[in-house]
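The next block holds one structure in the form of structure tokens; read it before the comments.
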Amino acid sequence: MSSSNNSGKVLKLKSKDNQIFEVEESVAIQSELIKNVVEAGCDIGVIPLLTVHSKTLRNVIEWCQKHVDYVEENDSGSNEEEIKNWESEICEEGNNNGSDDEETKNWESEENNNGSDEEEAKNWESEGNNDGSNKEEVENWEWEENNDGSDEEELENWESKFVDVDKDSLYALLLAADYLSIDSLLERVIKQVADVIKQCRSVEEVRQTFGIKSDFTPEEEEEIREEISWID
Amino acid sequence: MECLDMNVLPESCVAVILSLTSPADACKSSLVSSTFQSASESDSVWERFLPSDCGEIVSKASHTLEFSSKKELYLLLCNPILVADGKMSFKLERSTGKISYILSARELSITWSNDPMYWVWKSIPESRFPEVAELKTVSWLEIHGKIRSKTLSPNTRYGAYLLLKITDRAFGLDLIPSEMSLEVGNGAKFTNTAYLRSQDSKKQRMENLFYGNRKQMLKSRVIEGDDRVLSKREDGWMEIELGEFFNGESDKEVKMSLMEFKGHQLKGGLIVEGIELRPKS
């Protein structure tokens, strides 16, 4: 069931404040930085992550674990094989053309030349060899297994909750994702910050939300306000 | 847990963040701090706001555009420019970066417009294009326009508007409603009706008094519709909405038309500027 990624190896990661975290390799290598360390064979002992605090590291590990789990659950590879086997089984059962045709002909000649009988024979034929519904069934099953919209939605909702945190935590996640080179996390955090900015109704609100101090002189500020006066 | 200072966020990071907001937000953000100001000027931000085919648009512009940054290019494109040999006008909506096009009369297909007995092509100062089409007299009024949806902004609701003027000597235009339609690809065709005149209640009341019956009879020849009237624009032209559609991500042909020939009466005094496709809020 699980992919070959899980070699079962466990890595030791050390946070900035000297806490050790034991993490499965498949989870840890979501970070390009750690992946490079492993590939270079330097993953003996403990991998020090000098700029990441334990509180943030714990969250980052949770993110990586969730994404590894998601990929495993939706691993299309094994599904495709399963489908092919199932397909051939069904098709063999339902579409045994040879014997059906023969049977039909025998039955037809038995009952003999009655309008309604011929009709009945035709109906029976089409029922027995109805390729259409079998194929449809396979297609539906395929679609369900591989395109489960709700799984993706569930991940998106989980991600949104994950990044719905105070600005300090968000900032810490941003720096950690950048340092550890975890694209999925970096992308999501950046999007979150952008969304927060979009919702701020004024520049002052942006400053307050992110704790940013303006370093403009009053004259400079006035100049910029002039430039952007076209925005309503 | 130490308090981290967002002031120390690198400019490149801020630029990526701003590129995910909107042109208006990116400009507003320049006030936040000097890092934000610097980031908001960066090409990586404005490249995301520019249309994907803007290189092509710039190369097809009737006048060469000079700019030294993507932000400058963006602001330049927020003013209308002529493209395609002066037959179309293009611009971006400043706060959102959404695309608007105006197809000139030459870009449309106007039945009988080749015959100077019926239509005349001329230059007038009020037009943004080299030529407009003026209706002398015709009984069969038929105007068609089309555009590929991929040239417009994706995931946007658009309205199509016929831009025109009615001269003082106009006649026969508002006797019977015109029929308008908008069709996207092979999908549903949306139709509506409009009287080619502006809102003038006093005049209408007089008309209803004298011609009420005749108008009712003529109206019955036409399809069901809202019977809209022309509205005034800021640029001095009048417009009538031909229809609206939601532009998804696939490329389809959008066809728009206005027709009036069920009245059989002669009409004249219409000046056609073109058809505008602009985002609807």
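Chain identifiers are assigned as A, B, and so on, following the order in which chains appear in the structure tokens; residues are numbered from 1 within each chain, and ligands are numbered from 1 in order of appearance.
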Could you write out, as number ranges by chain, all the residues of range 10-189 of chain B that DSSP marks as helix (DSSP H, G or I)? B: 11-19, 23-31, 34-41, 43-49, 54-59, 70-77, 105-107, 149-151
With a distance threshold of 8 Å and counting only C-alpha atoms, extract the residues of chain A near chain B and express them as a list in words.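 Output check: Asp168, Tyr171, Ala172, Ile190, Lys191, Val193, Ala194, Asp195, Ile197, Lys198, Val203, Glu204, Val206, Arg207, Phe210, Gly211, Ile212, Lys213, Ser214, Asp215, Phe216, Glu221, Ile224, Arg225, Ile228 and Ile231 of chain A.
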Contact residues around range 42-59 of chain B with only C-alpha atoms at 9 Å, ignoring same-chain residues under 4 positions, as number ranges by chain: B: 12, 15-20, 22-23, 26, 38, 63-65, 69-74, 77, 83-84, 90, 92, 96-99, 151-153
Identify, on the basis of only C-alpha atoms, every residue whose closest approach to range 187-198 of chain B does not exceed 8 Å; exclude the query and any residue fewer than 5 positions from it along the same chain; express the result as a PyMOL selection string. chain B and resi 166+173-182+223-231+240+242-243
Selected residues written out, N, CA and C atoms, as a PDB file, in the first residue's frame:
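Generated output (part-v3.pdb):
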```
ATOM      1  N   ILE B 166     -26.341  59.353 -32.283  1.00  0.00           N
ATOM      2  CA  ILE B 166     -27.516  59.583 -33.128  1.00  0.00           C
ATOM      3  C   ILE B 166     -27.450  61.045 -33.546  1.00  0.00           C
ATOM      4  N   LEU B 173     -35.020  55.312 -36.598  1.00  0.00           N
ATOM      5  CA  LEU B 173     -34.219  54.387 -35.795  1.00  0.00           C
ATOM      6  C   LEU B 173     -34.979  53.798 -34.621  1.00  0.00           C
ATOM      7  N   ASP B 174     -35.930  54.546 -34.110  1.00  0.00           N
ATOM      8  CA  ASP B 174     -36.544  54.100 -32.857  1.00  0.00           C
ATOM      9  C   ASP B 174     -38.020  53.764 -33.006  1.00  0.00           C
ATOM     10  N   LEU B 175     -38.397  53.421 -34.218  1.00  0.00           N
ATOM     11  CA  LEU B 175     -39.792  53.075 -34.447  1.00  0.00           C
ATOM     12  C   LEU B 175     -40.117  51.706 -33.863  1.00  0.00           C
ATOM     13  N   ILE B 176     -39.136  50.827 -33.972  1.00  0.00           N
ATOM     14  CA  ILE B 176     -39.334  49.441 -33.556  1.00  0.00           C
ATOM     15  C   ILE B 176     -38.057  49.014 -32.829  1.00  0.00           C
ATOM     16  N   PRO B 177     -38.148  48.165 -31.799  1.00  0.00           N
ATOM     17  CA  PRO B 177     -36.916  47.809 -31.090  1.00  0.00           C
ATOM     18  C   PRO B 177     -35.960  47.025 -31.985  1.00  0.00           C
ATOM     19  N   SER B 178     -34.658  47.278 -31.788  1.00  0.00           N
ATOM     20  CA  SER B 178     -33.646  46.474 -32.467  1.00  0.00           C
ATOM     21  C   SER B 178     -33.422  45.221 -31.654  1.00  0.00           C
ATOM     22  N   GLU B 179     -32.965  44.161 -32.337  1.00  0.00           N
ATOM     23  CA  GLU B 179     -32.686  42.910 -31.632  1.00  0.00           C
ATOM     24  C   GLU B 179     -31.183  42.747 -31.496  1.00  0.00           C
ATOM     25  N   MET B 180     -30.743  42.403 -30.265  1.00  0.00           N
ATOM     26  CA  MET B 180     -29.308  42.248 -30.054  1.00  0.00           C
ATOM     27  C   MET B 180     -29.036  40.827 -29.598  1.00  0.00           C
ATOM     28  N   SER B 181     -27.841  40.341 -29.879  1.00  0.00           N
ATOM     29  CA  SER B 181     -27.517  38.991 -29.405  1.00  0.00           C
ATOM     30  C   SER B 181     -26.053  38.880 -29.068  1.00  0.00           C
ATOM     31  N   LEU B 182     -25.744  37.931 -28.177  1.00  0.00           N
ATOM     32  CA  LEU B 182     -24.369  37.622 -27.833  1.00  0.00           C
ATOM     33  C   LEU B 182     -24.260  36.108 -27.683  1.00  0.00           C
ATOM     34  N   ILE B 223     -38.696  39.943 -31.110  1.00  0.00           N
ATOM     35  CA  ILE B 223     -38.621  38.981 -29.997  1.00  0.00           C
ATOM     36  C   ILE B 223     -38.853  39.686 -28.666  1.00  0.00           C
ATOM     37  N   GLU B 224     -39.064  38.904 -27.643  1.00  0.00           N
ATOM     38  CA  GLU B 224     -39.243  39.446 -26.290  1.00  0.00           C
ATOM     39  C   GLU B 224     -37.933  40.031 -25.790  1.00  0.00           C
ATOM     40  N   GLY B 225     -38.023  41.151 -25.081  1.00  0.00           N
ATOM     41  CA  GLY B 225     -36.778  41.709 -24.544  1.00  0.00           C
ATOM     42  C   GLY B 225     -37.056  42.834 -23.572  1.00  0.00           C
ATOM     43  N   ASP B 226     -35.970  43.423 -23.053  1.00  0.00           N
ATOM     44  CA  ASP B 226     -36.116  44.483 -22.054  1.00  0.00           C
ATOM     45  C   ASP B 226     -36.444  45.833 -22.661  1.00  0.00           C
ATOM     46  N   ASP B 227     -36.314  45.967 -23.996  1.00  0.00           N
ATOM     47  CA  ASP B 227     -36.529  47.276 -24.639  1.00  0.00           C
ATOM     48  C   ASP B 227     -35.680  48.365 -23.997  1.00  0.00           C
ATOM     49  N   ARG B 228     -34.412  48.089 -23.899  1.00  0.00           N
ATOM     50  CA  ARG B 228     -33.531  49.088 -23.288  1.00  0.00           C
ATOM     51  C   ARG B 228     -33.403  50.323 -24.160  1.00  0.00           C
ATOM     52  N   VAL B 229     -32.768  51.351 -23.589  1.00  0.00           N
ATOM     53  CA  VAL B 229     -32.477  52.546 -24.386  1.00  0.00           C
ATOM     54  C   VAL B 229     -30.996  52.861 -24.236  1.00  0.00           C
ATOM     55  N   LEU B 230     -30.539  53.803 -25.060  1.00  0.00           N
ATOM     56  CA  LEU B 230     -29.120  54.150 -25.033  1.00  0.00           C
ATOM     57  C   LEU B 230     -28.765  54.885 -23.753  1.00  0.00           C
ATOM     58  N   SER B 231     -27.517  54.700 -23.310  1.00  0.00           N
ATOM     59  CA  SER B 231     -27.064  55.510 -22.180  1.00  0.00           C
ATOM     60  C   SER B 231     -25.833  56.296 -22.577  1.00  0.00           C
ATOM     61  N   ILE B 240     -25.076  50.961 -25.955  1.00  0.00           N
ATOM     62  CA  ILE B 240     -26.158  50.041 -25.624  1.00  0.00           C
ATOM     63  C   ILE B 240     -25.520  48.683 -25.372  1.00  0.00           C
ATOM     64  N   LEU B 242     -25.047  44.971 -25.584  1.00  0.00           N
ATOM     65  CA  LEU B 242     -25.519  43.912 -26.474  1.00  0.00           C
ATOM     66  C   LEU B 242     -25.704  42.602 -25.727  1.00  0.00           C
ATOM     67  N   GLY B 243     -24.975  42.463 -24.601  1.00  0.00           N
ATOM     68  CA  GLY B 243     -25.065  41.213 -23.850  1.00  0.00           C
ATOM     69  C   GLY B 243     -23.877  41.099 -22.923  1.00  0.00           C
TER      70      GLY B 243
END
```
Quick one: residues within 7 Å of Ala170 in chain B, only C-alpha atoms counted, chain neighbours fewer than 4 positions away excluded, as a PyMOL selection string? chain B and resi 166+268-270
